[in-house]
file work_2.txt (compact mmCIF, C-alpha atoms (C1' of nucleotides))
# COMPACT_ATOMS: atom_id res chain seq x y z
CA MET A 139 142.62 222.20 31.34
CA ILE A 140 145.40 220.38 33.17
CA SER A 141 143.84 216.97 32.93
CA THR A 142 140.96 215.62 30.90
CA LEU A 143 141.14 212.37 32.81
CA LEU A 144 140.55 214.15 36.08
CA PHE A 145 137.64 216.10 34.67
CA GLU A 146 136.05 212.89 33.50
CA SER A 147 136.53 211.28 36.87
CA PHE A 148 134.70 214.10 38.62
CA ASN A 149 131.94 214.03 36.08
CA LYS A 150 131.42 210.34 36.43
CA TYR A 151 130.06 210.70 39.96
CA ALA A 152 128.93 214.32 40.14
CA ARG A 153 128.11 217.04 37.62
CA ILE A 154 131.01 219.43 37.65
CA SER A 155 130.91 222.25 35.12
CA GLU A 156 134.04 223.32 33.30
CA THR A 157 134.15 226.60 35.16
CA ASP A 158 133.88 224.77 38.50
CA PHE A 159 136.59 222.45 37.34
CA GLU A 160 138.88 225.37 36.71
CA VAL A 161 138.47 226.38 40.33
CA ILE A 162 139.32 222.88 41.48
CA GLU A 163 142.42 222.75 39.31
CA GLN A 164 143.87 225.70 41.14
CA HIS A 165 144.18 223.49 44.19
CA ILE A 166 145.80 220.61 42.34
CA THR A 167 149.52 220.01 42.12
CA LYS A 168 151.29 217.44 40.03
CA ARG A 169 153.98 215.10 41.14
CA PHE A 170 156.20 212.58 39.38
CA VAL A 171 156.98 209.34 41.14
CA LYS A 172 159.64 206.96 39.91
CA LYS A 173 159.06 203.23 39.87
CA ARG A 174 159.39 201.68 43.34
CA LYS A 175 159.50 205.11 44.98
CA THR A 176 157.20 205.85 47.91
CA LEU A 177 154.53 208.50 47.72
CA LEU A 178 153.12 208.07 51.20
CA MET A 179 154.72 206.31 54.13
CA GLN A 180 153.03 204.75 57.13
CA GLY A 181 153.27 206.96 60.17
CA GLU A 182 152.54 210.09 58.17
CA ALA A 183 149.16 211.75 58.17
CA SER A 184 148.03 211.66 54.56
CA ARG A 185 147.68 215.29 53.54
CA TYR A 186 146.52 214.42 50.03
CA ILE A 187 144.28 212.18 48.07
CA TYR A 188 145.95 211.02 44.88
CA PHE A 189 144.68 210.81 41.33
CA VAL A 190 146.71 208.69 38.93
CA GLU A 191 147.26 210.65 35.74
CA LYS A 192 149.73 208.21 34.28
CA GLY A 193 151.36 204.99 35.46
CA ALA A 194 150.36 202.63 38.24
CA LEU A 195 150.53 202.58 42.03
CA ARG A 196 149.71 200.36 44.93
CA SER A 197 148.84 200.89 48.56
CA TYR A 198 149.84 198.27 51.10
CA SER A 199 150.24 197.59 54.78
CA ILE A 200 152.88 195.55 56.55
CA ASP A 201 152.13 192.90 59.15
CA LYS A 202 154.08 191.77 62.23
CA VAL A 203 156.26 189.34 60.28
CA GLY A 204 157.09 192.01 57.73
CA ASN A 205 154.90 190.75 54.91
CA GLU A 206 153.29 193.30 52.65
CA HIS A 207 149.58 193.16 51.89
CA VAL A 208 148.34 195.13 48.89
CA LEU A 209 145.12 196.98 49.63
CA GLN A 210 144.61 198.87 46.43
CA LEU A 211 145.96 198.86 42.89
CA ALA A 212 145.43 201.97 40.78
CA ILE A 213 146.22 202.78 37.18
CA GLU A 214 145.63 206.06 35.39
CA GLY A 215 142.14 207.45 35.78
CA HIS A 216 141.75 206.14 39.32
CA TRP A 217 142.10 207.53 42.82
CA ILE A 218 144.31 206.08 45.50
CA ALA A 219 144.66 207.07 49.14
CA ASP A 220 144.92 206.01 52.72
CA LEU A 221 141.37 207.14 53.33
CA SER A 222 141.23 206.62 57.07
CA SER A 223 144.35 208.71 57.49
CA PHE A 224 143.20 211.30 54.96
CA VAL A 225 139.78 211.72 56.53
CA SER A 226 140.98 211.90 60.12
CA GLN A 227 144.25 213.65 59.29
CA SER A 228 146.03 211.36 61.71
CA PRO A 229 148.98 209.01 61.13
CA GLY A 230 148.10 206.00 59.02
CA ASN A 231 149.59 202.55 58.65
CA ILE A 232 149.53 202.39 54.90
CA ASN A 233 152.20 202.96 52.27
CA ILE A 234 151.65 204.10 48.72
CA GLU A 235 154.28 203.30 46.12
CA ALA A 236 154.68 203.55 42.37
CA ILE A 237 154.71 200.31 40.40
CA GLU A 238 155.69 202.15 37.23
CA ASP A 239 157.07 205.64 36.66
CA SER A 240 153.94 207.69 37.32
CA GLU A 241 152.36 211.10 37.28
CA VAL A 242 150.08 211.82 40.19
CA LEU A 243 147.74 214.72 40.89
CA LEU A 244 147.49 215.83 44.51
CA LEU A 245 144.34 217.19 46.07
CA PRO A 246 145.07 218.54 49.55
CA HIS A 247 142.81 217.82 52.48
CA HIS A 248 143.47 221.31 53.68
CA ASP A 249 141.54 222.82 50.78
CA LEU A 250 138.49 220.58 50.97
CA GLU A 251 136.33 222.70 53.26
CA SER A 252 136.62 225.77 51.10
CA LEU A 253 136.10 223.73 47.94
CA PHE A 254 132.94 222.21 49.39
CA GLU A 255 131.63 225.69 50.03
CA GLN A 256 132.46 227.01 46.61
CA ILE A 257 131.37 223.91 44.73
CA PRO A 258 128.63 221.96 46.48
CA GLN A 259 128.92 219.15 43.93
CA MET A 260 132.37 218.45 45.30
CA GLU A 261 130.85 217.35 48.56
CA ARG A 262 128.66 214.93 46.68
CA PHE A 263 131.67 213.62 44.81
CA PHE A 264 133.56 212.92 48.01
CA ARG A 265 130.61 211.35 49.72
CA GLN A 266 130.36 208.94 46.82
CA LEU A 267 134.08 208.29 46.85
CA TYR A 268 133.96 207.27 50.51
CA GLN A 269 130.91 205.14 49.89
CA ARG A 270 132.50 203.28 47.02
CA ALA A 271 135.62 202.68 49.07
CA TYR A 272 133.52 201.14 51.83
CA VAL A 273 131.42 198.99 49.54
CA THR A 274 134.48 197.76 47.65
CA LEU A 275 136.24 196.84 50.87
CA GLN A 276 133.19 194.96 52.08
CA GLN A 277 132.91 193.04 48.82
CA ARG A 278 136.57 192.12 48.97
CA HIS A 279 136.25 190.90 52.51
CA HIS A 280 133.25 188.82 51.55
CA ALA A 281 135.06 187.36 48.53
CA ALA A 282 138.10 186.54 50.65
CA GLN A 283 135.86 184.63 53.03
CA SER A 284 133.75 182.77 50.54
CA ASP A 285 135.64 182.28 47.27
CA HIS A 286 138.75 180.31 46.44
CA ALA A 287 141.79 182.09 45.09
CA GLU A 288 141.11 180.97 41.53
CA GLU A 289 137.62 182.42 41.57
CA ARG A 290 138.87 185.71 42.99
CA TYR A 291 141.50 185.90 40.27
CA ARG A 292 138.85 185.19 37.63
CA GLN A 293 136.75 188.03 39.00
CA LEU A 294 139.69 190.39 38.93
CA ILE A 295 140.42 189.60 35.29
CA HIS A 296 136.79 190.06 34.49
CA GLU A 297 136.34 193.37 36.29
CA HIS A 298 139.76 194.91 35.77
CA PRO A 299 141.35 193.33 32.72
CA TYR A 300 143.80 196.20 32.27
CA VAL A 301 145.05 195.93 35.81
CA ALA A 302 145.38 192.17 35.59
CA ALA A 303 147.30 192.42 32.34
CA ARG A 304 149.67 195.17 33.32
CA ILE A 305 150.52 194.86 36.98
CA PRO A 306 153.30 192.41 37.94
CA LEU A 307 152.06 189.12 39.27
CA ILE A 308 153.56 189.58 42.70
CA TYR A 309 151.32 192.55 43.42
CA ILE A 310 148.24 190.91 41.98
CA ALA A 311 148.91 187.92 44.21
CA SER A 312 149.28 190.11 47.26
CA TYR A 313 146.08 191.95 46.34
CA LEU A 314 144.27 188.62 46.14
CA GLY A 315 145.72 187.59 49.47
CA ILE A 316 147.85 184.71 48.20
CA THR A 317 151.54 184.05 47.46
CA PRO A 318 153.12 184.66 44.02
CA GLU A 319 153.79 180.92 43.75
CA SER A 320 150.14 180.11 44.22
CA LEU A 321 149.01 182.66 41.65
CA SER A 322 151.57 181.38 39.19
CA ARG A 323 150.13 177.88 39.53
CA ILE A 324 146.57 179.14 39.26
CA ARG A 325 147.43 180.92 36.05
CA LYS A 326 149.18 177.94 34.61
CA GLN A 327 146.12 175.85 35.24
CA LEU A 328 143.74 178.52 33.99
CA PHE A 329 145.43 179.18 30.65
CA SER A 330 145.85 175.64 29.37
CA MET B 1338 114.87 210.36 78.69
CA ILE B 1339 114.06 207.20 76.79
CA SER B 1340 117.52 205.76 76.91
CA THR B 1341 120.58 206.68 78.93
CA LEU B 1342 122.64 204.24 76.90
CA LEU B 1343 121.79 206.05 73.70
CA PHE B 1344 122.58 209.42 75.20
CA GLU B 1345 125.97 208.13 76.29
CA SER B 1346 126.66 206.73 72.84
CA PHE B 1347 126.02 210.09 71.20
CA ASN B 1348 128.14 211.86 73.75
CA LYS B 1349 131.03 209.54 73.31
CA TYR B 1350 131.72 210.85 69.81
CA ALA B 1351 130.06 214.26 69.75
CA ARG B 1352 128.86 216.71 72.36
CA ILE B 1353 125.09 216.47 72.38
CA SER B 1354 123.27 218.52 74.99
CA GLU B 1355 120.30 217.09 76.83
CA THR B 1356 117.95 219.48 75.06
CA ASP B 1357 119.33 218.43 71.68
CA PHE B 1358 118.97 214.83 72.75
CA GLU B 1359 115.30 215.38 73.46
CA VAL B 1360 114.86 216.49 69.86
CA ILE B 1361 116.62 213.39 68.61
CA GLU B 1362 114.50 211.12 70.76
CA GLN B 1363 111.38 212.31 69.01
CA HIS B 1364 112.60 210.59 65.88
CA ILE B 1365 113.44 207.33 67.63
CA THR B 1366 111.14 204.35 67.82
CA LYS B 1367 111.64 201.20 69.82
CA ARG B 1368 111.26 197.68 68.59
CA PHE B 1369 111.39 194.29 70.26
CA VAL B 1370 113.01 191.45 68.37
CA LYS B 1371 112.71 187.86 69.49
CA LYS B 1372 115.70 185.55 69.41
CA ARG B 1373 116.43 184.29 65.89
CA LYS B 1374 113.99 186.76 64.35
CA THR B 1375 115.12 188.95 61.50
CA LEU B 1376 115.26 192.71 61.80
CA LEU B 1377 116.51 193.46 58.31
CA MET B 1378 116.49 191.17 55.31
CA GLN B 1379 118.76 191.27 52.28
CA GLY B 1380 117.04 192.82 49.30
CA GLU B 1381 115.43 195.54 51.42
CA ALA B 1382 116.77 199.06 51.51
CA SER B 1383 117.72 199.66 55.11
CA ARG B 1384 115.53 202.52 56.25
CA TYR B 1385 117.01 202.55 59.74
CA ILE B 1386 120.21 202.39 61.64
CA TYR B 1387 119.84 200.33 64.80
CA PHE B 1388 120.97 200.93 68.34
CA VAL B 1389 120.98 197.94 70.64
CA GLU B 1390 119.29 198.90 73.88
CA LYS B 1391 119.19 195.37 75.24
CA GLY B 1392 120.19 191.96 73.95
CA ALA B 1393 122.49 191.00 71.10
CA LEU B 1394 122.32 190.96 67.31
CA ARG B 1395 124.40 189.98 64.35
CA SER B 1396 124.60 191.08 60.75
CA TYR B 1397 125.61 188.56 58.11
CA SER B 1398 125.73 187.92 54.41
CA ILE B 1399 125.17 184.68 52.54
CA ASP B 1400 127.50 183.33 49.85
CA LYS B 1401 126.81 181.28 46.71
CA VAL B 1402 126.92 177.97 48.55
CA GLY B 1403 124.50 179.25 51.18
CA ASN B 1404 127.00 179.74 53.98
CA GLU B 1405 126.48 182.64 56.35
CA HIS B 1406 129.29 185.06 57.15
CA VAL B 1407 128.89 187.23 60.22
CA LEU B 1408 129.97 190.80 59.57
CA GLN B 1409 129.09 192.44 62.84
CA LEU B 1410 128.19 191.40 66.37
CA ALA B 1411 126.49 193.98 68.57
CA ILE B 1412 125.42 193.91 72.20
CA GLU B 1413 123.65 196.67 74.11
CA GLY B 1414 125.21 200.08 73.77
CA HIS B 1415 126.34 199.48 70.20
CA TRP B 1416 125.08 200.35 66.75
CA ILE B 1417 124.41 197.88 64.02
CA ALA B 1418 123.41 198.46 60.40
CA ASP B 1419 123.88 197.63 56.78
CA LEU B 1420 125.71 200.88 56.23
CA SER B 1421 126.09 200.71 52.49
CA SER B 1422 122.37 200.12 52.10
CA PHE B 1423 121.48 202.71 54.74
CA VAL B 1424 123.67 205.38 53.21
CA SER B 1425 122.60 204.83 49.63
CA GLN B 1426 119.03 203.85 50.47
CA SER B 1427 119.26 201.02 47.97
CA PRO B 1428 118.73 197.27 48.45
CA GLY B 1429 121.46 195.62 50.46
CA ASN B 1430 122.75 192.08 50.72
CA ILE B 1431 122.97 191.88 54.45
CA ASN B 1432 120.68 190.41 57.07
CA ILE B 1433 120.35 191.50 60.67
CA GLU B 1434 119.03 189.05 63.20
CA ALA B 1435 118.63 188.84 66.96
CA ILE B 1436 120.86 186.40 68.82
CA GLU B 1437 118.94 186.99 72.04
CA ASP B 1438 115.55 188.57 72.72
CA SER B 1439 116.42 192.20 72.16
CA GLU B 1440 115.24 195.78 72.34
CA VAL B 1441 116.36 197.95 69.48
CA LEU B 1442 116.08 201.68 68.88
CA LEU B 1443 115.43 202.76 65.30
CA LEU B 1444 116.77 205.97 63.79
CA PRO B 1445 115.25 206.54 60.36
CA HIS B 1446 117.36 207.65 57.43
CA HIS B 1447 114.47 209.78 56.34
CA ASP B 1448 114.88 212.11 59.31
CA LEU B 1449 118.62 212.59 59.08
CA GLU B 1450 118.71 215.66 56.85
CA SER B 1451 116.43 217.65 59.11
CA LEU B 1452 118.27 216.44 62.20
CA PHE B 1453 121.57 217.54 60.73
CA GLU B 1454 120.13 220.99 60.21
CA GLN B 1455 118.68 221.28 63.68
CA ILE B 1456 121.65 219.71 65.45
CA PRO B 1457 124.94 220.22 63.65
CA GLN B 1458 126.69 217.90 66.11
CA MET B 1459 124.62 215.08 64.68
CA GLU B 1460 126.45 215.40 61.40
CA ARG B 1461 129.72 215.07 63.23
CA PHE B 1462 128.47 212.01 65.04
CA PHE B 1463 127.50 210.30 61.81
CA ARG B 1464 130.70 211.20 60.06
CA GLN B 1465 132.60 209.55 62.88
CA LEU B 1466 130.31 206.55 62.82
CA TYR B 1467 131.04 205.98 59.13
CA GLN B 1468 134.74 206.49 59.71
CA ARG B 1469 134.88 203.96 62.52
CA ALA B 1470 133.00 201.47 60.40
CA TYR B 1471 135.55 201.86 57.62
CA VAL B 1472 138.57 201.64 59.87
CA THR B 1473 137.19 198.61 61.67
CA LEU B 1474 136.51 196.84 58.41
CA GLN B 1475 140.01 197.57 57.19
CA GLN B 1476 141.56 196.26 60.38
CA ARG B 1477 139.52 193.09 60.16
CA HIS B 1478 140.54 192.55 56.57
CA HIS B 1479 144.16 193.03 57.52
CA ALA B 1480 143.86 190.64 60.44
CA ALA B 1481 142.18 188.04 58.24
CA GLN B 1482 145.10 188.26 55.83
CA SER B 1483 147.95 188.24 58.29
CA ASP B 1484 146.93 186.49 61.51
CA HIS B 1485 146.04 182.91 62.20
CA ALA B 1486 142.63 182.06 63.59
CA GLU B 1487 143.97 181.60 67.11
CA GLU B 1488 145.51 185.05 67.17
CA ARG B 1489 142.32 186.62 65.85
CA TYR B 1490 140.35 184.88 68.58
CA ARG B 1491 142.81 186.09 71.21
CA GLN B 1492 142.38 189.65 69.94
CA LEU B 1493 138.62 189.35 70.08
CA ILE B 1494 138.70 188.16 73.69
CA HIS B 1495 141.07 190.96 74.53
CA GLU B 1496 139.09 193.74 72.85
CA HIS B 1497 135.55 192.53 73.38
CA PRO B 1498 135.53 190.19 76.37
CA TYR B 1499 131.80 190.61 76.90
CA VAL B 1500 130.99 189.68 73.35
CA ALA B 1501 133.32 186.68 73.43
CA ALA B 1502 131.80 185.46 76.66
CA ARG B 1503 128.17 185.90 75.78
CA ILE B 1504 127.70 185.19 72.10
CA PRO B 1505 127.34 181.53 71.05
CA LEU B 1506 130.49 180.01 69.63
CA ILE B 1507 128.99 179.42 66.19
CA TYR B 1508 128.57 183.16 65.59
CA ILE B 1509 131.97 184.01 66.98
CA ALA B 1510 133.48 181.43 64.66
CA SER B 1511 131.67 182.86 61.68
CA TYR B 1512 132.77 186.36 62.68
CA LEU B 1513 136.36 185.14 62.78
CA GLY B 1514 135.92 183.51 59.41
CA ILE B 1515 136.34 179.90 60.57
CA THR B 1516 134.10 176.91 61.29
CA PRO B 1517 132.62 176.18 64.72
CA GLU B 1518 134.67 172.97 64.85
CA SER B 1519 137.89 174.89 64.36
CA LEU B 1520 137.04 177.43 67.04
CA SER B 1521 136.11 174.67 69.43
CA ARG B 1522 139.53 173.12 68.94
CA ILE B 1523 141.28 176.45 69.29
CA ARG B 1524 139.51 177.05 72.57
CA LYS B 1525 140.33 173.63 73.89
CA GLN B 1526 143.97 174.24 73.18
CA LEU B 1527 143.91 177.77 74.54
CA PHE B 1528 142.31 177.00 77.92
CA SER B 1529 144.46 174.08 79.04
C1' DC C 1103 178.97 192.41 33.69
C1' DG C 1104 176.52 191.35 37.81
C1' DC C 1105 172.72 192.12 40.70
C1' DG C 1106 167.98 192.63 41.86
C1' DA C 1107 163.30 192.02 40.39
C1' DC C 1108 160.16 188.90 38.65
C1' DG C 1109 158.11 184.48 37.36
C1' DT C 1110 158.05 179.44 37.39
C1' DT C 1111 158.25 174.70 39.04
C1' DG C 1112 158.81 170.94 42.45
C1' DA C 1113 158.56 168.79 47.09
C1' DT C 1114 156.74 169.06 51.44
C1' DT C 1115 153.99 170.93 55.22
C1' DT C 1116 150.10 172.86 57.51
C1' DG C 1117 145.97 175.28 58.96
C1' DC C 1118 141.63 174.76 58.48
C1' DC C 1119 137.61 172.37 56.28
C1' DT C 1120 134.46 168.54 55.62
C1' DC C 1121 131.97 164.77 57.17
C1' DA C 1122 130.29 162.13 60.83
C1' DA C 1123 128.84 161.00 65.28
C1' DC C 1124 127.37 162.11 69.90
C1' DG C 1125 125.90 164.51 74.40
C1' DA C 1126 123.74 168.39 76.59
C1' DT C 1127 120.38 172.04 76.43
C1' DT C 1128 116.65 174.49 75.07
C1' DG C 1129 112.35 174.97 72.74
C1' DT C 1130 107.85 173.34 71.23
C1' DG C 1131 103.60 171.14 69.71
C1' DG C 1132 100.29 167.68 70.91
C1' DC D 218 103.90 167.97 80.78
C1' DC D 219 106.22 164.98 78.20
C1' DA D 220 108.31 163.58 73.76
C1' DC D 221 110.72 164.93 69.98
C1' DA D 222 113.14 168.34 67.38
C1' DA D 223 116.39 171.93 66.94
C1' DT D 224 120.35 174.28 68.58
C1' DC D 225 124.80 174.29 70.31
C1' DG D 226 129.33 172.49 71.44
C1' DT D 227 132.77 168.82 71.17
C1' DT D 228 135.73 165.20 69.26
C1' DG D 229 137.77 162.19 65.66
C1' DA D 230 139.35 160.89 60.93
C1' DG D 231 140.61 162.25 56.57
C1' DG D 232 141.25 165.68 52.84
C1' DC D 233 142.52 169.81 50.43
C1' DA D 234 143.87 174.61 49.25
C1' DA D 235 147.43 177.31 49.83
C1' DA D 236 151.87 178.23 52.37
C1' DT D 237 156.65 177.34 52.83
C1' DC D 238 161.17 176.26 51.30
C1' DA D 239 164.28 175.75 47.65
C1' DA D 240 166.17 176.04 43.20
C1' DC D 241 166.45 177.99 38.74
C1' DG D 242 165.69 180.95 34.34
C1' DT D 243 164.91 185.47 32.29
C1' DC D 244 165.09 190.16 31.89
C1' DG D 245 166.30 195.01 32.60
C1' DC D 246 169.46 198.16 34.37
C1' DG D 247 173.18 200.82 36.99
call {"tool": "encode", "arguments": {"input": "work_2.txt", "output": "structure tokens"}}
result
Amino acid sequence: MISTLLFESFNKYARISETDFEVIEQHITKRFVKKRKTLLMQGEASRYIYFVEKGALRSYSIDKVGNEHVLQLAIEGHWIADLSSFVSQSPGNINIEAIEDSEVLLLPHHDLESLFEQIPQMERFFRQLYQRAYVTLQQRHHAAQSDHAEERYRQLIHEHPYVAARIPLIYIASYLGITPESLSRIRKQLFS
Amino acid sequence: MISTLLFESFNKYARISETDFEVIEQHITKRFVKKRKTLLMQGEASRYIYFVEKGALRSYSIDKVGNEHVLQLAIEGHWIADLSSFVSQSPGNINIEAIEDSEVLLLPHHDLESLFEQIPQMERFFRQLYQRAYVTLQQRHHAAQSDHAEERYRQLIHEHPYVAARIPLIYIASYLGITPESLSRIRKQLFS
DNA sequence: CGCGACGTTGATTTGCCTCAACGATTGTGG
DNA sequence: CCACAATCGTTGAGGCAAATCAACGTCGCG
């Protein structure tokens, strides 16, 4: 087995047997990404969906004035992707970059159809993945509208303590939709 | 044919023949909703996805302090739903309400499986529907992060002039994530 | 060593909110 | 059918959360 983490991830949302998993693994390739190196650049069609085996990554978009906005933070055991680009196989406007030296497993869009046919549970897994992505995005949007920055930061610490502890403040701030300065002040006030 | 509008909507994103459409129509029911009456209430599992045949509706969620946040505005020819609830068939936290006296067509989740089998193009249509919902949400989130209220309002007028012209200012404001007072001031400044 | 990445702190500004009041419509119950 | 109540939009005054601008300290690394 290439990756126990990956096996567990599949099994969390669908029942994948070990023999099925072996089939899946044949379609997986591994890639190493150095800190601050880009894995996916806007303008490309995202040929893969990425599973973080080790390290940490972020996805972000860039606005008119050149500011980056973090969409997703992912540490080992989690998936990261530009889903709209991956699903439609058309150019996206999202970048994915390593925050630490990382190992990433690549599952190619190209192989999905045949995988779905061989392993019906894979289809279920992906359906759920898309669903979760949508629900998460909706919750974030709602939180951004209705909660203050401090409350959103509290929530993040509560739900993803590892992420909050490990990822540099600048990216956390961007994820929360505020400036590093603001988050720094919020933290100061929160831990005292 | 019950509804030409509905037929056109299907055909915009998938090729549905008239004979296929007749099959679909057998699963559709019509419902009249009076202004300010609720079509779907939070806590319910959304059994239907709704097509607006006539009138206008909004979907919204309510935050801790009791404020409403409009998620979607839909006039005739458009779909509206609590997708996460509809897809998972579990209780949602979204309300759908008529802004004007409206006619709505109901497509039940219960019938989808069999429809997908009979009319493969239906599956394609729904896949695209989900995709568009996701992309739209992501764009809105990005806009909320990077643009000022005035710019977001401009965009809305540009992309959905009919909506902007017809829907009361309070709902537009909520959709943009600002107060009615703020939008009123933005408008004053914009049209002078 | 020197430079870039990262975090902090202070001073000031600003976009939008809150609260309050008021007019114009539209809706409704007696 | 009229009176009164909501709904909707506007305007003004004041306040606040977070942004901006600027400066500085620490750390890791080529």
call {"tool": "closest_atom_pairs", "arguments": {"input": "work_2.txt", "of": "chain D", "to": "chain A", "cutoff": "9 Å", "atoms": "only C-alpha atoms (C1' of nucleotides)", "output": "Markdown table"}}
result
| residue | atom | partner | partner_atom | distance |
| --- | --- | --- | --- | --- |
| D:DA234 | C1' | A:His286 | CA | 8.2 |
| D:DA235 | C1' | A:Ser320 | CA | 6.8 |
| D:DA236 | C1' | A:Thr317 | CA | 7.6 |
call {"tool": "interface_residues", "arguments": {"input": "work_2.txt", "of": "chain A", "to": "chain C", "cutoff": "10 Å", "atoms": "only C-alpha atoms (C1' of nucleotides)", "output": "list in words"}}
result
Pro306, Leu307, Ile308, Pro318, Glu319, Ser322, Arg323 and Lys326 of chain A
call {"tool": "atom_distance", "arguments": {"input": "work_2.txt", "atom1": "atom CA of B:Leu1377", "atom2": "atom CA of B:Ile1399"}}
result
13.6 Å
call {"tool": "interface_residues", "arguments": {"input": "work_2.txt", "of": "chain B", "to": "chain A", "cutoff": "10 Å", "atoms": "all atoms listed in the file", "output": "JSON, numbers by chain"}}
result
{"B": [1398, 1399, 1400, 1401, 1402, 1403, 1404, 1405, 1406, 1407, 1408, 1420, 1421, 1422, 1424, 1425, 1464, 1465, 1467, 1468, 1469, 1470, 1471, 1472, 1474, 1475, 1477, 1478, 1479, 1480, 1481, 1482, 1483, 1484, 1511, 1513, 1514, 1515]}
call {"tool": "atom_distance", "arguments": {"input": "work_2.txt", "atom1": "atom CA of B:Ala1411", "atom2": "atom CA of B:Val1389"}}
result
7.1 Å
call {"tool": "residues_around", "arguments": {"input": "work_2.txt", "residues": "stretch 169-171 of chain A", "least_positions_apart": "2", "cutoff": "6 Å", "atoms": "only C-alpha atoms (C1' of nucleotides)", "output": "PyMOL selection string"}}
result
chain A and resi 239-242
call {"tool": "axis_aligned_box", "arguments": {"input": "work_2.txt", "around": "stretch 234-237 of chain D", "padding_each_side": "3 Å", "output": "JSON"}}
result
{"center_x": 150.3, "center_y": 176.4, "center_z": 51.0, "size_x": 18.8, "size_y": 9.6, "size_z": 9.6}
call {"tool": "residues_around", "arguments": {"input": "work_2.txt", "residues": "stretch 1497-1502 of chain B", "least_positions_apart": "2", "cutoff": "12 Å", "atoms": "all atoms listed in the file", "output": "MDAnalysis selection string"}}
result
chainID B and resid 1392:1395 1409:1415 1436 1489:1495 1504:1510 1512:1513 1520 1524
call {"tool": "atom_distance", "arguments": {"input": "work_2.txt", "atom1": "atom CA of B:Gln1526", "atom2": "atom CA of B:Arg1503"}}
result
19.8 Å
